[in-house]
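Next comes entry01.txt, with compact mmCIF, N, CA and C atoms.
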```
# COMPACT_ATOMS: atom_id res chain seq x y z
N MET A 1 167.63 132.04 228.41
CA MET A 1 166.42 131.49 229.00
C MET A 1 165.87 130.45 228.02
N GLY A 2 165.34 129.36 228.49
CA GLY A 2 164.84 128.30 227.63
C GLY A 2 163.57 128.68 226.90
N LYS A 3 162.98 127.69 226.26
CA LYS A 3 161.77 127.92 225.49
C LYS A 3 160.62 128.25 226.44
N VAL A 4 159.85 129.25 226.09
CA VAL A 4 158.71 129.67 226.92
C VAL A 4 157.44 129.04 226.37
N ASN A 5 156.65 128.45 227.27
CA ASN A 5 155.44 127.73 226.85
C ASN A 5 154.16 128.53 226.99
N CYS A 6 154.24 129.74 227.48
CA CYS A 6 153.05 130.54 227.71
C CYS A 6 152.59 131.18 226.40
N LYS A 7 151.30 131.05 226.09
CA LYS A 7 150.83 131.60 224.81
C LYS A 7 150.72 133.12 224.84
N PHE A 8 150.87 133.72 226.00
CA PHE A 8 150.82 135.17 226.12
C PHE A 8 152.22 135.80 226.14
N PHE A 9 153.25 134.96 226.00
CA PHE A 9 154.62 135.44 226.02
C PHE A 9 154.84 136.41 224.86
N GLN A 10 155.40 137.58 225.16
CA GLN A 10 155.60 138.60 224.14
C GLN A 10 157.06 138.84 223.79
N GLY A 11 157.96 138.38 224.61
CA GLY A 11 159.37 138.58 224.35
C GLY A 11 160.15 138.64 225.64
N GLU A 12 161.47 138.69 225.52
CA GLU A 12 162.29 138.75 226.71
C GLU A 12 163.50 139.62 226.49
N ALA A 13 164.01 140.16 227.59
CA ALA A 13 165.23 140.96 227.56
C ALA A 13 165.87 140.89 228.94
N PHE A 14 167.15 140.62 228.97
CA PHE A 14 167.92 140.58 230.21
C PHE A 14 167.32 139.62 231.24
N GLY A 15 166.79 138.49 230.75
CA GLY A 15 166.26 137.48 231.66
C GLY A 15 164.85 137.73 232.15
N TYR A 16 164.18 138.76 231.63
CA TYR A 16 162.81 139.05 232.02
C TYR A 16 161.87 138.88 230.82
N SER A 17 160.66 138.42 231.09
CA SER A 17 159.68 138.20 230.03
C SER A 17 158.53 139.18 230.18
N PHE A 18 157.88 139.48 229.06
CA PHE A 18 156.69 140.31 229.10
C PHE A 18 155.48 139.43 228.83
N CYS A 19 154.53 139.46 229.74
CA CYS A 19 153.32 138.65 229.65
C CYS A 19 152.15 139.57 229.28
N SER A 20 151.54 139.36 228.12
CA SER A 20 150.45 140.23 227.69
C SER A 20 149.17 139.99 228.51
N LYS A 21 149.02 138.84 229.12
CA LYS A 21 147.84 138.57 229.93
C LYS A 21 147.89 139.38 231.23
N ARG A 22 149.05 139.38 231.85
CA ARG A 22 149.20 140.14 233.09
C ARG A 22 149.55 141.59 232.82
N GLY A 23 150.08 141.86 231.61
CA GLY A 23 150.44 143.22 231.25
C GLY A 23 151.64 143.73 232.02
N SER A 24 152.55 142.83 232.35
CA SER A 24 153.72 143.26 233.11
C SER A 24 154.94 142.43 232.76
N ILE A 25 156.06 142.90 233.25
CA ILE A 25 157.31 142.17 233.06
C ILE A 25 157.46 141.22 234.22
N VAL A 26 157.78 139.98 233.93
CA VAL A 26 157.92 138.96 234.97
C VAL A 26 159.25 138.24 234.78
N PRO A 27 159.90 137.85 235.86
CA PRO A 27 161.13 137.06 235.72
C PRO A 27 160.77 135.66 235.24
N GLY A 28 161.51 135.16 234.28
CA GLY A 28 161.24 133.83 233.75
C GLY A 28 159.91 133.81 233.03
N MET A 29 159.06 132.86 233.38
CA MET A 29 157.74 132.75 232.74
C MET A 29 156.67 133.07 233.76
N CYS A 30 155.62 133.66 233.30
CA CYS A 30 154.51 134.01 234.17
C CYS A 30 153.90 132.73 234.74
N SER A 31 154.01 132.54 236.03
CA SER A 31 153.51 131.31 236.65
C SER A 31 152.00 131.35 236.84
N ARG A 32 151.37 132.49 236.63
CA ARG A 32 149.93 132.61 236.82
C ARG A 32 149.13 132.22 235.58
N CYS A 33 149.82 132.04 234.46
CA CYS A 33 149.10 131.69 233.22
C CYS A 33 148.69 130.23 233.26
N SER A 34 147.42 129.99 233.06
CA SER A 34 146.93 128.62 233.01
C SER A 34 146.87 128.12 231.57
N GLU A 35 146.98 129.04 230.63
CA GLU A 35 146.83 128.67 229.22
C GLU A 35 148.20 128.53 228.58
N ARG A 36 148.74 127.35 228.68
CA ARG A 36 150.04 127.07 228.10
C ARG A 36 149.86 126.47 226.71
N VAL A 37 150.83 126.68 225.88
CA VAL A 37 150.78 126.13 224.53
C VAL A 37 151.28 124.69 224.61
N SER A 38 150.44 123.75 224.24
CA SER A 38 150.87 122.36 224.26
C SER A 38 151.44 122.00 222.89
N LYS A 39 152.49 121.23 222.92
CA LYS A 39 153.15 120.83 221.68
C LYS A 39 152.43 119.62 221.13
N SER A 40 152.17 119.61 219.83
CA SER A 40 151.46 118.48 219.24
C SER A 40 152.41 117.30 219.04
N LYS A 41 151.82 116.12 218.93
CA LYS A 41 152.60 114.91 218.80
C LYS A 41 153.46 114.91 217.54
N TYR A 42 152.94 115.46 216.45
CA TYR A 42 153.66 115.43 215.18
C TYR A 42 154.18 116.81 214.77
N ASN A 43 154.26 117.75 215.69
CA ASN A 43 154.75 119.11 215.44
C ASN A 43 153.94 119.87 214.40
N ASN A 44 152.68 119.50 214.24
CA ASN A 44 151.82 120.23 213.31
C ASN A 44 151.27 121.47 214.00
N GLU A 45 150.88 122.45 213.20
CA GLU A 45 150.37 123.69 213.74
C GLU A 45 148.88 123.80 213.43
N LYS A 46 148.06 123.78 214.46
CA LYS A 46 146.60 123.90 214.26
C LYS A 46 146.30 125.26 213.64
N THR A 47 145.33 125.27 212.73
CA THR A 47 145.01 126.47 211.96
C THR A 47 143.50 126.64 211.89
N ILE A 48 143.05 127.89 211.78
CA ILE A 48 141.62 128.16 211.61
C ILE A 48 141.44 128.87 210.27
N VAL A 49 140.59 128.28 209.41
CA VAL A 49 140.27 128.85 208.10
C VAL A 49 138.77 128.72 207.92
N ASP A 50 138.11 129.79 207.46
CA ASP A 50 136.65 129.79 207.28
C ASP A 50 135.92 129.41 208.58
N ASN A 51 136.46 129.83 209.71
CA ASN A 51 135.92 129.49 211.03
C ASN A 51 135.89 127.99 211.29
N ILE A 52 136.79 127.26 210.65
CA ILE A 52 136.90 125.81 210.84
C ILE A 52 138.31 125.53 211.36
N ARG A 53 138.40 124.73 212.41
CA ARG A 53 139.70 124.38 212.99
C ARG A 53 140.27 123.16 212.26
N PHE A 54 141.50 123.29 211.80
CA PHE A 54 142.19 122.20 211.11
C PHE A 54 143.37 121.73 211.94
N ASP A 55 143.72 120.45 211.81
CA ASP A 55 144.81 119.88 212.58
C ASP A 55 146.18 120.33 212.09
N SER A 56 146.26 120.83 210.86
CA SER A 56 147.55 121.28 210.33
C SER A 56 147.35 122.34 209.25
N LYS A 57 148.42 123.06 208.98
CA LYS A 57 148.39 124.05 207.90
C LYS A 57 148.16 123.35 206.57
N LYS A 58 148.83 122.20 206.41
CA LYS A 58 148.72 121.43 205.17
C LYS A 58 147.26 121.06 204.89
N GLU A 59 146.55 120.62 205.93
CA GLU A 59 145.14 120.25 205.77
C GLU A 59 144.28 121.47 205.42
N SER A 60 144.55 122.61 206.06
CA SER A 60 143.76 123.81 205.77
C SER A 60 144.00 124.31 204.35
N LEU A 61 145.24 124.21 203.88
CA LEU A 61 145.54 124.63 202.50
C LEU A 61 144.85 123.71 201.50
N ARG A 62 144.84 122.42 201.80
CA ARG A 62 144.15 121.47 200.91
C ARG A 62 142.65 121.75 200.89
N TRP A 63 142.08 122.12 202.03
CA TRP A 63 140.66 122.49 202.11
C TRP A 63 140.36 123.65 201.17
N LEU A 64 141.21 124.67 201.20
CA LEU A 64 141.00 125.83 200.34
C LEU A 64 141.08 125.43 198.86
N GLU A 65 142.03 124.56 198.52
CA GLU A 65 142.14 124.06 197.14
C GLU A 65 140.87 123.33 196.72
N LEU A 66 140.41 122.43 197.60
CA LEU A 66 139.21 121.65 197.27
C LEU A 66 137.97 122.53 197.17
N LYS A 67 137.87 123.56 198.01
CA LYS A 67 136.74 124.49 197.92
C LYS A 67 136.73 125.20 196.56
N LEU A 68 137.91 125.59 196.09
CA LEU A 68 138.00 126.23 194.76
C LEU A 68 137.61 125.25 193.66
N LEU A 69 138.06 124.00 193.77
CA LEU A 69 137.70 122.99 192.78
C LEU A 69 136.19 122.73 192.78
N GLU A 70 135.59 122.75 193.97
CA GLU A 70 134.13 122.57 194.06
C GLU A 70 133.41 123.76 193.44
N LYS A 71 133.90 124.95 193.71
CA LYS A 71 133.29 126.16 193.15
C LYS A 71 133.37 126.16 191.62
N ASP A 72 134.48 125.65 191.08
CA ASP A 72 134.67 125.58 189.63
C ASP A 72 133.97 124.39 188.99
N GLY A 73 133.36 123.52 189.80
CA GLY A 73 132.61 122.39 189.27
C GLY A 73 133.46 121.17 188.95
N VAL A 74 134.73 121.18 189.34
CA VAL A 74 135.61 120.03 189.08
C VAL A 74 135.26 118.88 190.01
N ILE A 75 134.91 119.20 191.26
CA ILE A 75 134.46 118.19 192.22
C ILE A 75 133.11 118.64 192.79
N LYS A 76 132.42 117.70 193.46
CA LYS A 76 131.16 118.06 194.10
C LYS A 76 130.97 117.24 195.37
N ASN A 77 130.00 117.65 196.17
CA ASN A 77 129.65 116.99 197.44
C ASN A 77 130.84 116.89 198.39
N LEU A 78 131.59 117.95 198.52
CA LEU A 78 132.76 117.98 199.40
C LEU A 78 132.32 117.93 200.86
N GLU A 79 132.90 117.00 201.62
CA GLU A 79 132.62 116.86 203.05
C GLU A 79 133.93 116.79 203.81
N ARG A 80 133.91 117.25 205.04
CA ARG A 80 135.08 117.19 205.93
C ARG A 80 134.82 116.20 207.06
N GLN A 81 135.87 115.54 207.49
CA GLN A 81 135.86 114.69 208.68
C GLN A 81 134.72 113.67 208.69
N LYS A 82 134.52 113.03 207.56
CA LYS A 82 133.48 112.00 207.47
C LYS A 82 133.96 110.72 208.14
N ARG A 83 133.08 110.16 208.97
CA ARG A 83 133.43 108.94 209.72
C ARG A 83 132.89 107.70 209.02
N PHE A 84 133.72 106.67 208.98
CA PHE A 84 133.35 105.38 208.42
C PHE A 84 133.60 104.32 209.49
N GLN A 85 132.59 103.51 209.77
CA GLN A 85 132.77 102.44 210.75
C GLN A 85 133.53 101.30 210.08
N ILE A 86 134.69 100.95 210.64
CA ILE A 86 135.49 99.88 210.04
C ILE A 86 135.47 98.60 210.87
N VAL A 87 135.11 98.71 212.15
CA VAL A 87 134.92 97.53 213.00
C VAL A 87 133.67 97.80 213.84
N PRO A 88 132.66 96.93 213.74
CA PRO A 88 131.43 97.17 214.50
C PRO A 88 131.63 96.95 215.99
N LYS A 89 130.70 97.49 216.76
CA LYS A 89 130.71 97.33 218.21
C LYS A 89 130.44 95.87 218.54
N THR A 90 131.18 95.36 219.49
CA THR A 90 130.96 93.99 219.97
C THR A 90 130.80 94.06 221.48
N LYS A 91 130.43 92.97 222.08
CA LYS A 91 130.23 92.95 223.53
C LYS A 91 131.53 93.33 224.24
N GLY A 92 131.44 94.38 225.01
CA GLY A 92 132.60 94.84 225.78
C GLY A 92 133.59 95.68 224.99
N GLU A 93 133.33 95.90 223.73
CA GLU A 93 134.25 96.69 222.89
C GLU A 93 133.48 97.77 222.13
N ARG A 94 134.11 98.89 221.94
CA ARG A 94 133.50 99.96 221.16
C ARG A 94 133.77 99.74 219.67
N ALA A 95 132.97 100.37 218.85
CA ALA A 95 133.19 100.33 217.41
C ALA A 95 134.45 101.13 217.08
N VAL A 96 135.07 100.82 215.95
CA VAL A 96 136.26 101.53 215.49
C VAL A 96 135.90 102.27 214.21
N PHE A 97 136.31 103.52 214.13
CA PHE A 97 135.98 104.36 212.98
C PHE A 97 137.25 104.86 212.29
N TYR A 98 137.13 105.05 211.00
CA TYR A 98 138.15 105.75 210.24
C TYR A 98 137.55 107.10 209.89
N GLN A 99 138.26 108.17 210.20
CA GLN A 99 137.75 109.51 209.93
C GLN A 99 138.58 110.13 208.81
N ALA A 100 137.94 110.30 207.66
CA ALA A 100 138.62 110.85 206.49
C ALA A 100 138.67 112.37 206.57
N ASP A 101 139.77 112.96 206.15
CA ASP A 101 139.86 114.42 206.14
C ASP A 101 138.85 115.00 205.16
N PHE A 102 138.80 114.44 203.95
CA PHE A 102 137.90 114.96 202.92
C PHE A 102 137.31 113.81 202.12
N VAL A 103 136.05 113.96 201.76
CA VAL A 103 135.36 113.03 200.88
C VAL A 103 134.64 113.87 199.85
N TYR A 104 134.74 113.48 198.58
CA TYR A 104 134.08 114.22 197.51
C TYR A 104 133.90 113.33 196.29
N GLU A 105 133.22 113.86 195.31
CA GLU A 105 132.97 113.14 194.08
C GLU A 105 133.66 113.88 192.94
N GLN A 106 134.39 113.12 192.10
CA GLN A 106 135.09 113.70 190.95
C GLN A 106 134.93 112.77 189.75
N ASP A 107 134.40 113.29 188.69
CA ASP A 107 134.19 112.51 187.46
C ASP A 107 133.41 111.23 187.72
N GLY A 108 132.40 111.30 188.59
CA GLY A 108 131.56 110.15 188.89
C GLY A 108 132.18 109.17 189.87
N LYS A 109 133.40 109.42 190.34
CA LYS A 109 134.06 108.53 191.30
C LYS A 109 134.02 109.14 192.69
N LEU A 110 133.85 108.28 193.70
CA LEU A 110 133.91 108.73 195.09
C LEU A 110 135.38 108.75 195.53
N ILE A 111 135.80 109.84 196.12
CA ILE A 111 137.19 110.01 196.53
C ILE A 111 137.23 110.21 198.04
N CYS A 112 138.12 109.50 198.71
CA CYS A 112 138.40 109.69 200.12
C CYS A 112 139.84 110.17 200.19
N GLU A 113 140.05 111.33 200.80
CA GLU A 113 141.39 111.91 200.82
C GLU A 113 141.83 112.23 202.23
N ASP A 114 143.07 111.87 202.53
CA ASP A 114 143.66 112.18 203.82
C ASP A 114 144.92 112.99 203.62
N THR A 115 145.07 114.03 204.41
CA THR A 115 146.25 114.88 204.37
C THR A 115 147.12 114.47 205.54
N LYS A 116 148.22 113.81 205.24
CA LYS A 116 149.08 113.27 206.29
C LYS A 116 150.53 113.67 206.05
N SER A 117 151.26 113.80 207.14
CA SER A 117 152.70 114.04 207.05
C SER A 117 153.39 112.69 206.82
N SER A 118 154.65 112.73 206.45
CA SER A 118 155.39 111.49 206.22
C SER A 118 155.51 110.68 207.53
N ILE A 119 155.54 111.37 208.67
CA ILE A 119 155.61 110.69 209.96
C ILE A 119 154.29 109.96 210.25
N THR A 120 153.17 110.63 210.03
CA THR A 120 151.86 110.04 210.31
C THR A 120 151.58 108.86 209.39
N LYS A 121 152.05 108.94 208.15
CA LYS A 121 151.82 107.84 207.20
C LYS A 121 152.46 106.55 207.68
N LYS A 122 153.45 106.63 208.56
CA LYS A 122 154.14 105.45 209.07
C LYS A 122 153.53 104.93 210.37
N ASN A 123 152.54 105.64 210.92
CA ASN A 123 151.91 105.26 212.17
C ASN A 123 151.15 103.94 211.99
N PRO A 124 151.46 102.90 212.79
CA PRO A 124 150.82 101.59 212.61
C PRO A 124 149.29 101.62 212.71
N THR A 125 148.75 102.43 213.62
CA THR A 125 147.29 102.52 213.75
C THR A 125 146.68 103.10 212.49
N TYR A 126 147.31 104.15 211.96
CA TYR A 126 146.81 104.75 210.72
C TYR A 126 146.87 103.74 209.57
N ILE A 127 147.96 103.00 209.48
CA ILE A 127 148.14 102.03 208.39
C ILE A 127 147.04 100.96 208.44
N ILE A 128 146.76 100.44 209.63
CA ILE A 128 145.72 99.41 209.77
C ILE A 128 144.35 99.98 209.41
N LYS A 129 144.04 101.18 209.91
CA LYS A 129 142.74 101.79 209.59
C LYS A 129 142.61 102.06 208.10
N ARG A 130 143.69 102.53 207.47
CA ARG A 130 143.67 102.80 206.03
C ARG A 130 143.41 101.52 205.25
N LYS A 131 144.08 100.43 205.63
CA LYS A 131 143.90 99.15 204.94
C LYS A 131 142.48 98.61 205.12
N LEU A 132 141.95 98.71 206.34
CA LEU A 132 140.58 98.28 206.58
C LEU A 132 139.59 99.10 205.77
N PHE A 133 139.83 100.41 205.71
CA PHE A 133 138.95 101.28 204.93
C PHE A 133 138.96 100.86 203.46
N LYS A 134 140.14 100.67 202.90
CA LYS A 134 140.25 100.28 201.48
C LYS A 134 139.54 98.95 201.20
N TYR A 135 139.63 98.03 202.14
CA TYR A 135 139.00 96.73 201.98
C TYR A 135 137.48 96.82 202.08
N LEU A 136 136.98 97.57 203.07
CA LEU A 136 135.55 97.64 203.33
C LEU A 136 134.79 98.60 202.41
N PHE A 137 135.50 99.58 201.86
CA PHE A 137 134.85 100.59 201.03
C PHE A 137 135.56 100.69 199.67
N PRO A 138 135.49 99.63 198.87
CA PRO A 138 136.19 99.62 197.58
C PRO A 138 135.60 100.62 196.57
N GLU A 139 134.40 101.13 196.85
CA GLU A 139 133.79 102.11 195.94
C GLU A 139 134.49 103.47 196.02
N TYR A 140 135.33 103.66 197.04
CA TYR A 140 136.07 104.91 197.21
C TYR A 140 137.49 104.75 196.67
N GLU A 141 137.94 105.74 195.95
CA GLU A 141 139.35 105.81 195.56
C GLU A 141 140.05 106.53 196.70
N PHE A 142 141.10 105.93 197.25
CA PHE A 142 141.78 106.50 198.41
C PHE A 142 142.99 107.30 197.95
N ARG A 143 143.11 108.51 198.46
CA ARG A 143 144.24 109.38 198.11
C ARG A 143 144.87 109.95 199.37
N GLU A 144 146.19 110.01 199.38
CA GLU A 144 146.92 110.66 200.46
C GLU A 144 147.63 111.87 199.88
N SER A 145 147.57 112.97 200.59
CA SER A 145 148.29 114.15 200.13
C SER A 145 149.13 114.70 201.26
```

Would you encode the structure as structure tokens?
Amino acid sequence: MGKVNCKFFQGEAFGYSFCSKRGSIVPGMCSRCSERVSKSKYNNEKTIVDNIRFDSKKESLRWLELKLLEKDGVIKNLERQKRFQIVPKTKGERAVFYQADFVYEQDGKLICEDTKSSITKKNPTYIIKRKLFKYLFPEYEFRES
């Protein structure tokens, strides 16, 4: 049997699946489930840490590291998902924003940090936004992890 997309899928045997939502064995996949697991564009796994939803495990682990560094006094003013306007609104067009994963202060310097996979780092939209951010906000040191 192929890959099952139902988030309530519990396993299969002899061509039958067990659906925890319906609490029964169903042939193939439970067609009554409306809550299917959607695959992300970059195969990242969304994670919840400290009751905060993160786009990837890598980002959530970096959050935990930065929280420890803030607690130890190495960094301060840690913020998540800070938005920076990189292109203002014009007639008929919306403003364009760069959203940083983390912003903090370390040794008197402002740091903007993004947690990206090697695939995302090659994304043309990300590259343009990163370059605009670096140009418009030179007071920030930009880091990718």

* Name the residues within 6 Å of (144.4, 123.7, 212.1), counting only C-alpha atoms in the file's coordinates, and put them as a list of chain:residue names. =>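 So the residues meeting the distance criterion are A:Lys46, A:Thr47, A:Ile48, A:Arg53, A:Phe54, A:Asp55, A:Ser56, A:Lys57.
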
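Using all atoms listed in the file for every distance, the candidate list A:Val49, A:Lys67, A:Leu132, A:Thr120 yields A:Leu132 as the residue closest to Gln85 (chain A).
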
* atom C of Tyr104 (chain A) to atom C of Lys76 (chain A), distance in Å rounded to a single decimal ->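 Result for atom C of Tyr104 (chain A) versus atom C of Lys76 (chain A): 5.0 Å, one decimal.
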
* **Spatial neighbours of region 86-91 of chain A, max dist 8 Å, only N, CA and C atoms, sep filter under 3 positions, as a ChimeraX atom specification** => /A:83,94-98,129,132-133,136

Within 6 Å of Asp101 (chain A) using only N, CA and C atoms, minus same-chain residues under 3 positions, as a PDB file with N, CA and C atoms, keeping the file's coordinate frame:
```pdb
ATOM      1  N   GLU A  79     132.900 117.000 201.620  1.00  0.00           N
ATOM      2  CA  GLU A  79     132.620 116.860 203.050  1.00  0.00           C
ATOM      3  C   GLU A  79     133.930 116.790 203.810  1.00  0.00           C
ATOM      4  N   ARG A  80     133.910 117.250 205.040  1.00  0.00           N
ATOM      5  CA  ARG A  80     135.080 117.190 205.930  1.00  0.00           C
ATOM      6  C   ARG A  80     134.820 116.200 207.060  1.00  0.00           C
ATOM      7  N   GLN A  81     135.870 115.540 207.490  1.00  0.00           N
ATOM      8  CA  GLN A  81     135.860 114.690 208.680  1.00  0.00           C
ATOM      9  C   GLN A  81     134.720 113.670 208.690  1.00  0.00           C
ATOM     10  N   LYS A  82     134.520 113.030 207.560  1.00  0.00           N
ATOM     11  CA  LYS A  82     133.480 112.000 207.470  1.00  0.00           C
ATOM     12  C   LYS A  82     133.960 110.720 208.140  1.00  0.00           C
ATOM     13  N   GLU A 113     140.050 111.330 200.800  1.00  0.00           N
ATOM     14  CA  GLU A 113     141.390 111.910 200.820  1.00  0.00           C
ATOM     15  C   GLU A 113     141.830 112.230 202.230  1.00  0.00           C
ATOM     16  N   ASP A 114     143.070 111.870 202.530  1.00  0.00           N
ATOM     17  CA  ASP A 114     143.660 112.180 203.820  1.00  0.00           C
ATOM     18  C   ASP A 114     144.920 112.990 203.620  1.00  0.00           C
ATOM     19  N   THR A 115     145.070 114.030 204.410  1.00  0.00           N
ATOM     20  CA  THR A 115     146.250 114.880 204.370  1.00  0.00           C
ATOM     21  C   THR A 115     147.120 114.470 205.540  1.00  0.00           C
TER      22      THR A 115
END
```

* One decimal, Å: what's the distance from atom N of Leu78 (chain A) over to CA of Leu61 (chain A), could you say? =>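 It comes out at 16.0 Å.
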
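Of the residues under consideration (A:Asn51, A:Phe84, A:Ile111, A:Ile119), A:Ile111 shows the shortest atom-to-atom contact distance to Glu141 (chain A) when counting only N, CA and C atoms.
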
* Name the closest residue to Trp63 (chain A) among the candidates A:Glu93, A:Glu45, A:Asp50, A:Asp107; distances are taken between atoms, counting only C-alpha atoms. =>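 For Trp63 (chain A), the nearest of the given residues is A:Asp50.
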
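The shortest atom-to-atom distance to Glu144 (chain A), with only C-alpha atoms taken into account, belongs to A:Ser117 out of A:Gln106, A:Gln99, A:Ser117, A:Ser60.
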